[in-house]
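Undergrad: Here you go, entry01.cif (mmCIF, C-alpha atoms):
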```cif
data_run
loop_
_atom_site.group_PDB
_atom_site.id
_atom_site.type_symbol
_atom_site.label_atom_id
_atom_site.label_comp_id
_atom_site.auth_asym_id
_atom_site.auth_seq_id
_atom_site.Cartn_x
_atom_site.Cartn_y
_atom_site.Cartn_z
ATOM 1 C CA MET A 1 63.323 67.685 221.710
ATOM 2 C CA THR A 2 63.683 65.538 224.804
ATOM 3 C CA PRO A 3 66.579 66.668 227.042
ATOM 4 C CA ALA A 4 69.559 64.344 227.113
ATOM 5 C CA GLU A 5 69.538 63.845 230.895
ATOM 6 C CA ASN A 6 66.576 61.509 230.413
ATOM 7 C CA LEU A 7 68.879 59.137 228.600
ATOM 8 C CA PRO A 8 69.444 55.940 230.626
ATOM 9 C CA ALA A 9 73.055 55.140 231.466
ATOM 10 C CA TRP A 10 73.295 52.040 229.290
ATOM 11 C CA ALA A 11 72.043 53.942 226.249
ATOM 12 C CA ALA A 12 74.350 56.892 226.928
ATOM 13 C CA LEU A 13 77.329 54.559 227.191
ATOM 14 C CA LEU A 14 76.437 52.620 224.066
ATOM 15 C CA THR A 15 75.823 55.839 222.139
ATOM 16 C CA ALA A 16 79.163 57.277 223.246
ATOM 17 C CA VAL A 17 81.079 54.139 222.291
ATOM 18 C CA LEU A 18 79.408 53.949 218.875
ATOM 19 C CA VAL A 19 79.891 57.646 218.098
ATOM 20 C CA LEU A 20 83.559 57.452 219.067
ATOM 21 C CA LEU A 21 84.054 54.273 217.038
ATOM 22 C CA GLY A 22 82.464 55.803 213.956
ATOM 23 C CA ALA A 23 84.385 59.043 214.314
ATOM 24 C CA ALA A 24 87.654 57.167 214.883
ATOM 25 C CA LEU A 25 87.153 54.984 211.793
ATOM 26 C CA THR A 26 86.366 58.032 209.674
ATOM 27 C CA LEU A 27 89.456 59.819 211.016
ATOM 28 C CA VAL A 28 91.648 56.788 210.292
ATOM 29 C CA GLY A 29 90.213 56.738 206.774
ATOM 30 C CA ALA A 30 91.104 60.396 206.319
ATOM 31 C CA ILE A 31 94.643 59.790 207.623
ATOM 32 C CA GLY A 32 94.957 56.841 205.257
ATOM 33 C CA THR A 33 93.974 59.030 202.324
ATOM 34 C CA LEU A 34 96.947 61.225 203.211
ATOM 35 C CA ARG A 35 99.424 58.444 203.894
ATOM 36 C CA PHE A 36 98.957 56.069 200.980
ATOM 37 C CA GLY A 37 101.198 56.619 198.005
ATOM 38 C CA SER A 38 99.244 55.951 194.834
ATOM 39 C CA PHE A 39 95.781 56.866 193.640
ATOM 40 C CA PHE A 40 94.457 53.311 193.651
ATOM 41 C CA GLU A 41 95.649 52.774 197.231
ATOM 42 C CA ARG A 42 94.140 56.079 198.342
ATOM 43 C CA VAL A 43 90.757 55.060 197.001
ATOM 44 C CA HIS A 44 90.484 52.393 199.723
ATOM 45 C CA ALA A 45 90.907 54.637 202.743
ATOM 46 C CA PRO A 46 87.724 56.770 202.617
ATOM 47 C CA THR A 47 85.593 53.606 202.454
ATOM 48 C CA LEU A 48 86.274 53.233 206.176
ATOM 49 C CA GLY A 49 84.189 56.370 206.618
ATOM 50 C CA THR A 50 81.460 55.339 204.188
ATOM 51 C CA SER A 51 81.028 51.848 205.628
ATOM 52 C CA TRP A 52 81.316 51.277 209.365
ATOM 53 C CA GLY A 53 82.276 54.876 210.096
ATOM 54 C CA THR A 54 78.841 55.947 208.949
ATOM 55 C CA GLY A 55 77.274 52.726 210.217
ATOM 56 C CA ALA A 56 78.457 53.143 213.807
ATOM 57 C CA ILE A 57 77.374 56.800 213.997
ATOM 58 C CA LEU A 58 73.948 55.912 212.582
ATOM 59 C CA LEU A 59 73.596 53.044 215.065
ATOM 60 C CA ALA A 60 74.470 55.503 217.853
ATOM 61 C CA SER A 61 71.719 57.814 216.613
ATOM 62 C CA VAL A 62 69.223 54.929 216.522
ATOM 63 C CA VAL A 63 70.132 53.864 220.080
ATOM 64 C CA CYS A 64 70.072 57.410 221.474
ATOM 65 C CA PHE A 65 66.779 58.586 219.996
ATOM 66 C CA SER A 66 65.029 55.245 220.421
ATOM 67 C CA ALA A 67 65.906 55.306 224.139
ATOM 68 C CA LEU A 68 64.833 58.959 224.468
ATOM 69 C CA GLY A 69 61.588 58.529 222.569
ATOM 70 C CA SER A 70 60.903 55.071 224.034
ATOM 71 C CA ARG A 71 59.900 53.860 220.570
ATOM 72 C CA PRO A 72 62.130 52.464 217.841
ATOM 73 C CA ILE A 73 63.415 55.185 215.503
ATOM 74 C CA VAL A 74 65.066 53.649 212.493
ATOM 75 C CA HIS A 75 64.927 56.226 209.729
ATOM 76 C CA GLU A 76 68.714 56.599 210.052
ATOM 77 C CA ILE A 77 68.889 53.354 208.073
ATOM 78 C CA MET A 78 67.837 55.387 205.021
ATOM 79 C CA ILE A 79 71.051 57.427 205.276
ATOM 80 C CA GLY A 80 73.100 54.244 205.328
ATOM 81 C CA VAL A 81 71.221 52.805 202.352
ATOM 82 C CA PHE A 82 71.663 55.949 200.276
ATOM 83 C CA ILE A 83 75.369 56.252 201.076
ATOM 84 C CA THR A 84 75.958 52.601 200.192
ATOM 85 C CA ILE A 85 74.081 52.919 196.898
ATOM 86 C CA THR A 86 75.698 56.179 195.795
ATOM 87 C CA THR A 87 79.327 55.532 196.783
ATOM 88 C CA PRO A 88 80.074 53.166 193.849
ATOM 89 C CA VAL A 89 78.990 55.844 191.354
ATOM 90 C CA THR A 90 81.639 58.324 192.479
ATOM 91 C CA LEU A 91 84.264 55.672 193.004
ATOM 92 C CA MET A 92 83.825 54.138 189.548
ATOM 93 C CA LEU A 93 83.953 57.568 187.953
ATOM 94 C CA LEU A 94 87.231 58.402 189.727
ATOM 95 C CA ALA A 95 88.770 54.955 189.229
ATOM 96 C CA ARG A 96 87.993 54.825 185.514
ATOM 97 C CA ALA A 97 89.288 58.358 184.986
ATOM 98 C CA ALA A 98 92.537 57.401 186.749
ATOM 99 C CA LEU A 99 92.765 54.176 184.776
ATOM 100 C CA TYR A 100 92.284 56.029 181.503
ATOM 101 C CA ARG A 101 94.907 58.606 182.452
ATOM 102 C CA ASP A 102 97.438 55.930 183.419
ATOM 103 C CA ARG A 103 96.822 53.926 180.249
ATOM 104 C CA VAL A 104 97.264 56.953 178.041
ATOM 105 C CA GLU A 105 100.536 57.650 179.841
ATOM 106 C CA ASP A 106 101.565 53.991 179.351
ATOM 107 C CA ASP A 107 101.976 53.491 183.087
ATOM 108 C CA ALA A 108 103.268 49.946 183.661
ATOM 109 C CA ASN A 109 101.468 49.686 186.999
ATOM 110 C CA VAL A 110 97.960 49.514 185.560
ATOM 111 C CA PRO A 111 96.775 46.465 183.625
ATOM 112 C CA PRO A 112 96.033 46.910 179.910
ATOM 113 C CA ARG A 113 92.537 46.623 178.525
ATOM 114 C CA THR A 114 93.401 43.156 177.216
ATOM 115 C CA MET A 115 93.349 41.871 180.790
ATOM 116 C CA LEU A 116 89.575 42.062 180.576
ATOM 117 C CA ARG A 117 89.450 39.426 177.844
ATOM 118 C CA ARG A 118 88.432 35.996 178.875
ATOM 119 C CA ARG A 119 91.364 33.806 177.959
ATOM 120 C CA SER A 120 90.326 30.172 177.935
ATOM 121 C CA VAL A 121 86.728 30.118 179.082
ATOM 122 C CA ASN A 122 85.122 32.028 176.244
ATOM 123 C CA ALA A 123 86.814 31.619 172.893
ATOM 124 C CA ALA A 124 83.931 33.273 171.083
ATOM 125 C CA ALA A 125 84.539 36.599 172.784
ATOM 126 C CA PRO A 126 84.989 39.485 170.355
ATOM 127 C CA GLU A 127 88.663 39.864 169.581
ATOM 128 C CA SER A 128 88.896 43.376 168.250
ATOM 129 C CA GLY A 129 87.660 46.831 168.884
ATOM 130 C CA ASP A 130 88.261 47.314 172.587
ATOM 131 C CA GLU A 131 91.830 48.502 172.518
ATOM 132 C CA PRO A 132 91.966 52.156 173.660
ATOM 133 C CA PRO A 133 93.602 54.554 171.259
ATOM 134 C CA ARG A 134 97.242 55.066 172.108
ATOM 135 C CA GLY A 135 98.577 58.558 171.723
ATOM 136 C CA MET B 1 47.447 44.363 188.430
ATOM 137 C CA SER B 2 50.569 45.298 186.503
ATOM 138 C CA ARG B 3 48.655 48.224 185.008
ATOM 139 C CA ALA B 4 47.678 49.647 188.392
ATOM 140 C CA LEU B 5 51.024 48.924 190.053
ATOM 141 C CA PRO B 6 53.811 48.817 187.484
ATOM 142 C CA TYR B 7 56.563 48.448 190.076
ATOM 143 C CA PRO B 8 55.144 46.837 193.225
ATOM 144 C CA LEU B 9 58.541 46.563 194.915
ATOM 145 C CA LEU B 10 59.388 50.214 194.268
ATOM 146 C CA THR B 11 55.954 51.286 195.471
ATOM 147 C CA ALA B 12 56.339 49.295 198.691
ATOM 148 C CA ALA B 13 59.848 50.671 199.274
ATOM 149 C CA LEU B 14 58.696 54.270 198.744
ATOM 150 C CA LEU B 15 55.748 53.810 201.081
ATOM 151 C CA LEU B 16 58.017 52.301 203.732
ATOM 152 C CA MET B 17 60.431 55.216 203.354
ATOM 153 C CA TRP B 18 57.587 57.722 203.674
ATOM 154 C CA LEU B 19 56.360 56.063 206.866
ATOM 155 C CA LEU B 20 59.879 55.907 208.334
ATOM 156 C CA LEU B 21 60.491 59.584 207.637
ATOM 157 C CA THR B 22 57.145 60.796 208.988
ATOM 158 C CA SER B 23 55.176 58.774 211.492
ATOM 159 C CA PHE B 24 53.044 55.667 211.415
ATOM 160 C CA SER B 25 49.480 56.947 211.214
ATOM 161 C CA THR B 26 46.507 56.361 208.934
ATOM 162 C CA GLY B 27 46.801 59.821 207.386
ATOM 163 C CA GLN B 28 50.483 59.389 206.565
ATOM 164 C CA LEU B 29 49.775 55.896 205.241
ATOM 165 C CA LEU B 30 47.255 57.334 202.761
ATOM 166 C CA VAL B 31 49.473 60.239 201.680
ATOM 167 C CA GLY B 32 52.482 57.936 201.430
ATOM 168 C CA ALA B 33 50.565 55.402 199.355
ATOM 169 C CA ALA B 34 49.415 58.148 196.978
ATOM 170 C CA VAL B 35 52.983 59.453 196.597
ATOM 171 C CA ALA B 36 54.395 55.947 196.114
ATOM 172 C CA ILE B 37 51.828 54.952 193.475
ATOM 173 C CA GLY B 38 52.263 58.266 191.650
ATOM 174 C CA ALA B 39 56.048 57.943 191.690
ATOM 175 C CA SER B 40 55.978 54.361 190.425
ATOM 176 C CA HIS B 41 53.800 55.466 187.498
ATOM 177 C CA ALA B 42 56.285 58.234 186.734
ATOM 178 C CA MET B 43 58.990 55.577 186.850
ATOM 179 C CA ALA B 44 57.005 53.400 184.429
ATOM 180 C CA ALA B 45 57.067 56.229 181.890
ATOM 181 C CA LEU B 46 60.867 55.909 181.838
ATOM 182 C CA GLN B 47 60.529 52.185 181.046
ATOM 183 C CA PRO B 48 63.542 50.894 182.952
ATOM 184 C CA SER B 49 64.240 47.176 182.828
ATOM 185 C CA LYS B 50 62.375 45.400 185.564
ATOM 186 C CA PRO B 51 64.602 43.615 188.069
ATOM 187 C CA ARG B 52 63.594 40.074 188.852
ATOM 188 C CA LEU B 53 64.002 38.747 192.359
ATOM 189 C CA ARG B 54 63.907 34.989 192.158
ATOM 190 C CA ARG B 55 64.854 34.067 195.684
ATOM 191 C CA TRP B 56 64.536 37.155 197.855
ATOM 192 C CA GLN B 57 64.696 34.951 200.993
ATOM 193 C CA LEU B 58 68.469 34.841 200.509
ATOM 194 C CA LEU B 59 68.844 38.633 200.739
ATOM 195 C CA PRO B 60 69.084 38.745 204.571
ATOM 196 C CA LYS B 61 71.764 36.036 204.433
ATOM 197 C CA LEU B 62 73.726 38.071 201.885
ATOM 198 C CA LEU B 63 73.296 41.214 203.994
ATOM 199 C CA GLY B 64 74.582 39.412 207.088
ATOM 200 C CA ILE B 65 77.664 38.060 205.301
ATOM 201 C CA VAL B 66 78.425 41.455 203.769
ATOM 202 C CA VAL B 67 78.023 43.450 207.009
ATOM 203 C CA LEU B 68 80.401 41.115 208.857
ATOM 204 C CA ASP B 69 82.931 41.054 205.989
ATOM 205 C CA ILE B 70 82.901 44.847 205.834
ATOM 206 C CA LEU B 71 83.493 45.022 209.594
ATOM 207 C CA GLN B 72 86.437 42.625 209.258
ATOM 208 C CA SER B 73 88.022 44.565 206.406
ATOM 209 C CA ASN B 74 87.440 47.841 208.277
ATOM 210 C CA ILE B 75 89.620 46.423 211.036
ATOM 211 C CA ASP B 76 92.227 45.142 208.535
ATOM 212 C CA VAL B 77 92.530 48.424 206.644
ATOM 213 C CA ALA B 78 92.536 50.493 209.854
ATOM 214 C CA ARG B 79 95.378 48.295 211.099
ATOM 215 C CA ILE B 80 97.365 48.896 207.912
ATOM 216 C CA ILE B 81 96.881 52.659 208.226
ATOM 217 C CA ILE B 82 97.550 53.003 211.966
ATOM 218 C CA GLY B 83 100.159 50.285 212.388
ATOM 219 C CA GLY B 84 102.275 51.621 209.569
ATOM 220 C CA ASP B 85 102.886 49.772 206.360
ATOM 221 C CA ARG B 86 104.410 46.329 206.331
ATOM 222 C CA ARG B 87 107.264 46.124 203.889
ATOM 223 C CA ASP B 88 105.784 43.143 202.101
ATOM 224 C CA ARG B 89 102.314 44.577 201.530
ATOM 225 C CA VAL B 90 101.522 44.445 197.849
ATOM 226 C CA ALA B 91 98.564 46.267 196.324
ATOM 227 C CA GLY B 92 97.442 45.258 192.897
ATOM 228 C CA PHE B 93 94.749 44.537 190.358
ATOM 229 C CA VAL B 94 92.838 41.284 190.117
ATOM 230 C CA ALA B 95 90.792 40.262 187.080
ATOM 231 C CA ILE B 96 87.735 38.204 187.920
ATOM 232 C CA PRO B 97 85.750 36.426 185.192
ATOM 233 C CA LEU B 98 82.151 36.835 186.299
ATOM 234 C CA ASP B 99 79.220 34.655 185.258
ATOM 235 C CA LEU B 100 76.675 37.040 186.752
ATOM 236 C CA ARG B 101 74.963 39.033 183.989
ATOM 237 C CA ASP B 102 71.867 40.447 185.697
ATOM 238 C CA LYS B 103 72.166 44.233 185.916
ATOM 239 C CA THR B 104 70.661 44.532 189.379
ATOM 240 C CA GLY B 105 72.927 41.761 190.616
ATOM 241 C CA LEU B 106 75.976 43.507 189.185
ATOM 242 C CA ALA B 107 74.884 46.800 190.757
ATOM 243 C CA LEU B 108 74.565 45.080 194.121
ATOM 244 C CA LEU B 109 77.971 43.435 193.670
ATOM 245 C CA SER B 110 79.494 46.847 192.932
ATOM 246 C CA CYS B 111 77.976 48.175 196.167
ATOM 247 C CA ILE B 112 79.480 45.241 198.076
ATOM 248 C CA VAL B 113 82.940 45.522 196.498
ATOM 249 C CA THR B 114 83.002 49.293 196.915
ATOM 250 C CA SER B 115 81.725 49.360 200.485
ATOM 251 C CA THR B 116 84.356 46.869 201.564
ATOM 252 C CA PRO B 117 87.537 48.726 202.495
ATOM 253 C CA GLY B 118 90.473 47.098 200.758
ATOM 254 C CA THR B 119 88.688 46.253 197.533
ATOM 255 C CA ALA B 120 87.645 48.739 194.861
ATOM 256 C CA TRP B 121 85.654 48.138 191.688
ATOM 257 C CA VAL B 122 87.738 49.529 188.841
ATOM 258 C CA GLU B 123 86.434 48.341 185.499
ATOM 259 C CA TYR B 124 83.912 45.899 184.093
ATOM 260 C CA ALA B 125 83.789 44.648 180.519
ATOM 261 C CA PRO B 126 80.158 43.873 179.646
ATOM 262 C CA ASP B 127 81.159 41.914 176.525
ATOM 263 C CA THR B 128 83.348 39.366 178.288
ATOM 264 C CA GLY B 129 81.997 39.736 181.809
ATOM 265 C CA VAL B 130 85.469 40.231 183.278
ATOM 266 C CA LEU B 131 85.683 42.506 186.294
ATOM 267 C CA LEU B 132 88.826 44.337 187.339
ATOM 268 C CA ILE B 133 89.162 45.158 191.033
ATOM 269 C CA HIS B 134 91.967 46.785 192.964
ATOM 270 C CA VAL B 135 93.014 45.109 196.188
ATOM 271 C CA LEU B 136 94.911 46.993 198.884
ATOM 272 C CA ASP B 137 96.549 43.990 200.497
ATOM 273 C CA LEU B 138 97.234 41.042 198.209
ATOM 274 C CA VAL B 139 99.655 39.345 200.566
ATOM 275 C CA GLU B 140 97.280 37.530 202.855
ATOM 276 C CA GLY B 141 97.321 34.567 200.528
ATOM 277 C CA ALA B 142 93.636 34.811 199.855
ATOM 278 C CA ASP B 143 92.443 33.711 196.456
ATOM 279 C CA TRP B 144 90.461 36.797 195.482
ATOM 280 C CA VAL B 145 88.874 35.288 192.406
ATOM 281 C CA SER B 146 87.291 32.368 194.255
ATOM 282 C CA LEU B 147 86.497 34.605 197.238
ATOM 283 C CA ILE B 148 84.370 36.991 195.161
ATOM 284 C CA LYS B 149 82.906 34.198 193.048
ATOM 285 C CA ASN B 150 81.970 31.799 195.842
ATOM 286 C CA ARG B 151 81.102 34.226 198.575
ATOM 287 C CA TYR B 152 79.099 36.862 196.718
ATOM 288 C CA GLU B 153 78.560 35.949 193.084
ATOM 289 C CA ALA B 154 77.094 32.497 193.742
ATOM 290 C CA LEU B 155 74.578 33.974 196.180
ATOM 291 C CA LEU B 156 73.738 36.892 193.877
ATOM 292 C CA MET B 157 73.161 34.509 190.976
ATOM 293 C CA GLU B 158 70.800 32.450 193.104
ATOM 294 C CA ILE B 159 68.874 35.585 194.010
ATOM 295 C CA PHE B 160 68.677 37.247 190.593
ATOM 296 C CA GLU B 161 69.097 34.592 187.887
#
```
Just give me the structure as structure tokens.

TA:
Amino acid sequence: MTPAENLPAWAALLTAVLVLLGAALTLVGAIGTLRFGSFFERVHAPTLGTSWGTGAILLASVVCFSALGSRPIVHEIMIGVFITITTPVTLMLLARAALYRDRVEDDANVPPRTMLRRRSVNAAAPESGDEPPRG
Amino acid sequence: MSRALPYPLLTAALLLMWLLLTSFSTGQLLVGAAVAIGASHAMAALQPSKPRLRRWQLLPKLLGIVVLDILQSNIDVARIIIGGDRRDRVAGFVAIPLDLRDKTGLALLSCIVTSTPGTAWVEYAPDTGVLLIHVLDLVEGADWVSLIKNRYEALLMEIFE
């Protein structure tokens, strides 16, 4: 590995700013997870870390190692792509589990399943069969 | 052609990934190509539906819009968390009737909605095409239905349908 003192000043500065930005965004996301009150509000906070939190740190890595190796190194993009593709899977799983729980408990804060029916646009939509069982 | 390369896009993406993770040399190109072609044949055995890209030229435009929107909402959500909650901030659900039916397009839309702080994909009804999202800050007066439909769905429909 090339020692870091070979890093030109502009690259070192840019790397530092990007790493700090990414770390700060991720930290703010973590704080938000603690501070928000309800599950559906909490779900928003960690996305700071999975979007530009990750993005800025990956950009910092690209800048740093491209400047050190004097050739473009972009395989960090793969990390970003995989995080972006896989995040919705976990989020949907959690959100739908929470939605199901709240509906079973008849929580007034979550919309009923009927909200997903198209009211005026599509009259031919199936009318029955998608009401969840109420306990 | 389709017999030898069942999923040309997947093969190209795998080869590109191989070259990014190793190094650009003739040897790696050959090994990577072999791995990519083998993997795409393994994929063909699973017979997934084949995504159609009608206008892939619009993908960079979509990517640009999304990256900037995500940056903007990062700032908005960070401000809400750091600056303390405004009293009038209202979080809530929004139901959006979607016209997009293509599975790849919907998957991409879910990535966009999920990666944007402040909006979360909650539920989608495949029979009616209505999508339920949760929005952290409803107050800003933005019309979320037309925002999602005009900004992302229209572009996704042009690309995939």

Undergrad: Spell out the residues picked by the PyMOL selection byres ((chain A and resi 49-55) around 10) here, as number ranges by chain.

TA: A: 18-30, 45-48, 56-61, 76-77, 79-81, 83-84, 87; B: 67, 70-71, 73-75, 114-117

Undergrad: Please dump the current selection as a tab-separated table (two decimals), in the frame of the given file; keep C-alpha atoms.

TA:
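Output saved as out.tsv:
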```tsv
chain	number	residue	atom	x	y	z
A	18	LEU	CA	79.41	53.95	218.88
A	19	VAL	CA	79.89	57.65	218.10
A	20	LEU	CA	83.56	57.45	219.07
A	21	LEU	CA	84.05	54.27	217.04
A	22	GLY	CA	82.46	55.80	213.96
A	23	ALA	CA	84.38	59.04	214.31
A	24	ALA	CA	87.65	57.17	214.88
A	25	LEU	CA	87.15	54.98	211.79
A	26	THR	CA	86.37	58.03	209.67
A	27	LEU	CA	89.46	59.82	211.02
A	28	VAL	CA	91.65	56.79	210.29
A	29	GLY	CA	90.21	56.74	206.77
A	30	ALA	CA	91.10	60.40	206.32
A	45	ALA	CA	90.91	54.64	202.74
A	46	PRO	CA	87.72	56.77	202.62
A	47	THR	CA	85.59	53.61	202.45
A	48	LEU	CA	86.27	53.23	206.18
A	56	ALA	CA	78.46	53.14	213.81
A	57	ILE	CA	77.37	56.80	214.00
A	58	LEU	CA	73.95	55.91	212.58
A	59	LEU	CA	73.60	53.04	215.06
A	60	ALA	CA	74.47	55.50	217.85
A	61	SER	CA	71.72	57.81	216.61
A	76	GLU	CA	68.71	56.60	210.05
A	77	ILE	CA	68.89	53.35	208.07
A	79	ILE	CA	71.05	57.43	205.28
A	80	GLY	CA	73.10	54.24	205.33
A	81	VAL	CA	71.22	52.80	202.35
A	83	ILE	CA	75.37	56.25	201.08
A	84	THR	CA	75.96	52.60	200.19
A	87	THR	CA	79.33	55.53	196.78
B	67	VAL	CA	78.02	43.45	207.01
B	70	ILE	CA	82.90	44.85	205.83
B	71	LEU	CA	83.49	45.02	209.59
B	73	SER	CA	88.02	44.56	206.41
B	74	ASN	CA	87.44	47.84	208.28
B	75	ILE	CA	89.62	46.42	211.04
B	114	THR	CA	83.00	49.29	196.92
B	115	SER	CA	81.72	49.36	200.48
B	116	THR	CA	84.36	46.87	201.56
B	117	PRO	CA	87.54	48.73	202.50
```

Undergrad: Expand the PyMOL selection byres ((chain B and resi 98) around 6) into the individual residues it matches in the shown file, reporting them as an MDAnalysis selection string.

TA: chainID B and resid 96:97 99:100 129:130

Undergrad: What is the atom CA of A:Val110-atom CA of B:Leu136 distance in Å, reported with one decimal?

TA: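 Between atom CA of A:Val110 and atom CA of B:Leu136 the gap is 13.9 Å.
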
Undergrad: Record the distance separating atom CA of B:Ile80 and atom CA of A:Arg35, expressed in Å with one decimal.

TA: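 Computing it gives 10.6 Å between the two atoms.
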
Undergrad: For a quick check of understanding, using all atoms listed in the file, which of B:Asn150, B:Gln28, B:Gln47, B:Ser23 has the smallest distance to chain A?

TA: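 Once distances to chain A are computed over all atoms listed in the file, the minimum belongs to B:Ser23.
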
Undergrad: Enter the distance from atom CA of A:Leu7 to atom CA of A:Cys64, in Å, rounded to one decimal.

TA: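 Going from atom CA of A:Leu7 over to atom CA of A:Cys64 covers 7.4 Å.
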